[in-house]
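The block underneath contains the structure these notes are about, expressed in structure tokens.
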Amino acid sequence: MTSSRRVQDRSKNKRIHHLEIVKEKWKITSKVLFLMEVLRKEPEMIIPVRSLYQYRKQINLPKPHKITDFIGKCPKLFELYKDQRGILWCGLTKEAEDLLEEEERLIVEQSSKAVAYITRILMMSVDKRIQLDKIANFRRDFGLPIDFRKKWVNQYPEHFRVVKSKDGVEFLELVNWNPAWAITELEKKVLGLNDGIGREPGLLSLPFPLKFPPNYKKVYRHGGKIEHFQKRSYLSPYADARELKAGSLEFDKRAVAVMHELLSFTIEKRLVTDHLTHFRWELVMPQKLMRLLLKHFGVFYVSERGKRFSVFLTEAYEGSELIEKCPLVLWKEKLLSLVGYRGKKKEIPTFSDFSDTEEKDFLEGDTEIDNMSAEFEEDETMDDLEAVSPTNNDELEIAHVCSAYNDTDKA
């Protein structure tokens with residue numbers, strides 16, 4: 001536990017550099033994924049490079065950086081070529097196309113888990129329904145498909161349905177309460193259960209797993225407070241919490257349990273904090289959620305890298321590695337291994353298979369992004385890409401992120 005109210009106020013001893021490395025890696029991955037999904041929505045999965053400049057904000061590419069420089073750092077995923085008129089195009093490599101097909105297959109295979117997690121979030125909510133836009137922000141975090149809003153939500157009518165409010169806002173609403181799912185991931189782990197036992201959710205007394213940085217010594221000073229907190233009973237995230245008084249000890253501990261449950265649902269046991277604030281009312285959480293996360297340092301870790309903070313479930317990591325990796329996490333690691341280039345710039349080939357009609361259709365057609373930018377978590381500057389790159393502009397190596405943090409530790 002800690003008394004810090006701002007992430008920036010905490011001491012260096014409270015920083016977990018291994019998790020900062022994780023954040024830095026996935027910042028890079030999210031930018032690459034965004035560009036891949038833009039291309040996937042295009043006919044033939046190619047687009048004129050000049051049309052990509054409208055997405056500068058989404059991939060955080062400030063001037064004077066060029067889109068072609070960004071693309072050139074990932075030659076195993078993106079291809080550049082010119083048509084006979086000299087117009088520069090960008091497309092996906094065969095390896096990238098295969099990766100996207102693999103991701104689609106993995107999402108289908110993992111769909112039963114995703115359905116259970118979304119249903120359980122609705123079960124935790126006050127009115128048993130949540131605005132669809134808010135859930136869409138977590139699409140990749142929960143392993144949901146790209147057609148989540150248009151198709152996926154309508155495929156499981158036995159669990160939830162889409163309803164519209166009087167002002168036209170779409171909500172995802174719970175259809176059936178499943179008592180077997182009204183059990184927390186912590187209960188499953190400690191008690192060795194796969195599903196609930198059909199009882200009504202009520203008070204719990206399970207302690208939360210804690211993990212502190214090895215160089216953080218003040219844990220001994222707060223030992224009494226931590227022990228007192230761990231022994232205090234709390235209301236299950238699936239129980240009705242409307243009668244709890246905001247700011248009370250019971251209210252705060254239940255909020256910790258809700259946060260623990262949400263993070264346990266995610267594929268990387270990590271979420272962007274500002275997305276979480278959207279659920280404060282629905283899940284009965286405190287107004288100052290960041291203060292709660294900082295106070296319970298040991299259960300959670302908040303990374304301050306970039307403009308948007310991320311919160312980690314500390315028990316899920318050993319160093320910078322997830323202890324349990326689902327297939328979608330392994331897929332992202334495979335993608336990350338293909339980011340980076342070391343070598344000379346290659347001459348951009350000329351491609352002549354486009355007819356004049358096809359080219360006109362590509363240049364004049366609208367690109368449908370479906371709020372994709374809202375689903376991608378990072379809102380950083382391109383400094384992270386430059387910081388991990390050597391002085392040669394042709395190179396982008398993930399290893400430089402790790403070495404940069406190792407140098408900081410030594411200093």
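Going through the structure tokens in order, the chains are called A, B, and so on, while each chain numbers its residues from 1 and the ligands are numbered from 1 in the order shown.
Residues with any atom within 9 Å of A:Lys134, counting only C-alpha atoms and excluding same-chain neighbours fewer than 5 positions away, are His275, His278 and Phe279 of chain A.
Shell of A:Phe229 at 9 Å, with only C-alpha atoms counted and residues fewer than 5 places along the chain excluded, is A:Pro207, A:Gly224, A:Leu249, A:Lys253.
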Shortest contact to A:Val32, candidates A:Leu322, A:Ile16, A:Lys269, A:Phe70, atoms counted only C-alpha atoms, goes to A:Phe70
Please identify all polymer residues within 10 Å of A:Pro145, counting only C-alpha atoms, omitting same-chain residues fewer than 4 positions from it, and present them as a ChimeraX atom specification. /A:103-104,106-108,111,114,139-140,149,151-152
If you keep N, CA and C atoms, can you produce a file of those selected residues as a PDB file, in the first residue's frame?
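As a result, result22.pdb now contains:
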```pdb
ATOM      1  N   GLU A 103      -4.720 -14.849 -36.668  1.00  0.00           N
ATOM      2  CA  GLU A 103      -5.402 -14.146 -35.582  1.00  0.00           C
ATOM      3  C   GLU A 103      -6.904 -14.398 -35.626  1.00  0.00           C
ATOM      4  N   GLU A 104      -7.497 -14.320 -36.813  1.00  0.00           N
ATOM      5  CA  GLU A 104      -8.930 -14.570 -36.949  1.00  0.00           C
ATOM      6  C   GLU A 104      -9.290 -15.969 -36.455  1.00  0.00           C
ATOM      7  N   LEU A 106      -7.599 -17.800 -34.253  1.00  0.00           N
ATOM      8  CA  LEU A 106      -7.421 -17.870 -32.804  1.00  0.00           C
ATOM      9  C   LEU A 106      -8.574 -17.196 -32.062  1.00  0.00           C
ATOM     10  N   ILE A 107      -9.066 -16.076 -32.604  1.00  0.00           N
ATOM     11  CA  ILE A 107     -10.182 -15.373 -31.969  1.00  0.00           C
ATOM     12  C   ILE A 107     -11.423 -16.259 -31.964  1.00  0.00           C
ATOM     13  N   VAL A 108     -11.660 -16.973 -33.061  1.00  0.00           N
ATOM     14  CA  VAL A 108     -12.795 -17.899 -33.124  1.00  0.00           C
ATOM     15  C   VAL A 108     -12.621 -19.011 -32.099  1.00  0.00           C
ATOM     16  N   SER A 111     -13.401 -17.795 -28.610  1.00  0.00           N
ATOM     17  CA  SER A 111     -14.651 -17.045 -28.489  1.00  0.00           C
ATOM     18  C   SER A 111     -15.466 -17.430 -27.261  1.00  0.00           C
ATOM     19  N   ALA A 114     -14.257 -15.408 -24.411  1.00  0.00           N
ATOM     20  CA  ALA A 114     -14.630 -14.000 -24.572  1.00  0.00           C
ATOM     21  C   ALA A 114     -16.100 -13.791 -24.225  1.00  0.00           C
ATOM     22  N   ARG A 139     -11.830  -4.079 -27.071  1.00  0.00           N
ATOM     23  CA  ARG A 139     -11.962  -5.172 -28.037  1.00  0.00           C
ATOM     24  C   ARG A 139     -10.739  -6.077 -28.044  1.00  0.00           C
ATOM     25  N   ARG A 140      -9.579  -5.521 -28.246  1.00  0.00           N
ATOM     26  CA  ARG A 140      -8.368  -6.344 -28.306  1.00  0.00           C
ATOM     27  C   ARG A 140      -7.980  -6.888 -26.935  1.00  0.00           C
ATOM     28  N   ARG A 149     -18.884  -5.092 -33.062  1.00  0.00           N
ATOM     29  CA  ARG A 149     -20.084  -4.263 -32.947  1.00  0.00           C
ATOM     30  C   ARG A 149     -21.180  -4.685 -33.916  1.00  0.00           C
ATOM     31  N   LYS A 151     -21.508  -7.704 -35.804  1.00  0.00           N
ATOM     32  CA  LYS A 151     -21.883  -9.109 -35.968  1.00  0.00           C
ATOM     33  C   LYS A 151     -21.767  -9.922 -34.687  1.00  0.00           C
ATOM     34  N   TRP A 152     -20.593  -9.853 -34.040  1.00  0.00           N
ATOM     35  CA  TRP A 152     -20.298 -10.747 -32.919  1.00  0.00           C
ATOM     36  C   TRP A 152     -21.315 -10.629 -31.794  1.00  0.00           C
TER      37      TRP A 152
END
```
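With only C-alpha atoms as the basis for measurement, A:Met123 is the residue among A:Met123, A:Glu315, A:Glu173, A:Asp98 that approaches A:Ala239 most closely.
The two atoms in question, atom CA of A:Ile135 and atom CA of A:Asn154, are spaced 14.3 Å apart.
Relative to atom CA of A:Val299, atom CA of A:Pro209 is found at 6.5 Å.
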How would you write, as a PyMOL selection string, the set of residues in stretch 207-354 of chain A that DSSP gives as strand (DSSP E or B)? chain A and resi 234-235+270-272+297+300-303+310-313+317-318+321-322+350
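Pairwise distance (atom CA of A:Lys94, atom CA of A:Thr266) equals 29.3 Å.
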Do you have, as a tab-separated table, the list of residues of stretch 57-135 of chain A lying at most 9 Å from stretch 283-295 of chain A, each with its nearest atom pair and that distance in Å to one decimal, counting only C-alpha atoms and ordered by chain then number?
```
residue	atom	partner	partner_atom	distance
A:Ile121	CA	A:Leu283	CA	8.5
A:Met124	CA	A:Leu283	CA	6.3
A:Ser125	CA	A:Leu283	CA	4.8
A:Val126	CA	A:Leu283	CA	6.2
```
Residue with smallest distance to A:His260 - pool A:Glu185, A:Lys225, A:Arg199, A:Tyr238, counting only C-alpha atoms: A:Glu185
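The residue set within 9 Å of A:Leu52, counting only C-alpha atoms and dropping same-chain residues fewer than 6 places from it, reads Leu35, Val38, Ile67 and Cys90 of chain A.
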Taking the DSSP secondary structure from the backbone, can you list the residues of stretch 273-345 of chain A that are helix (DSSP H, G or I), as a ChimeraX atom specification? /A:273-279,289-295,314-316,327-337
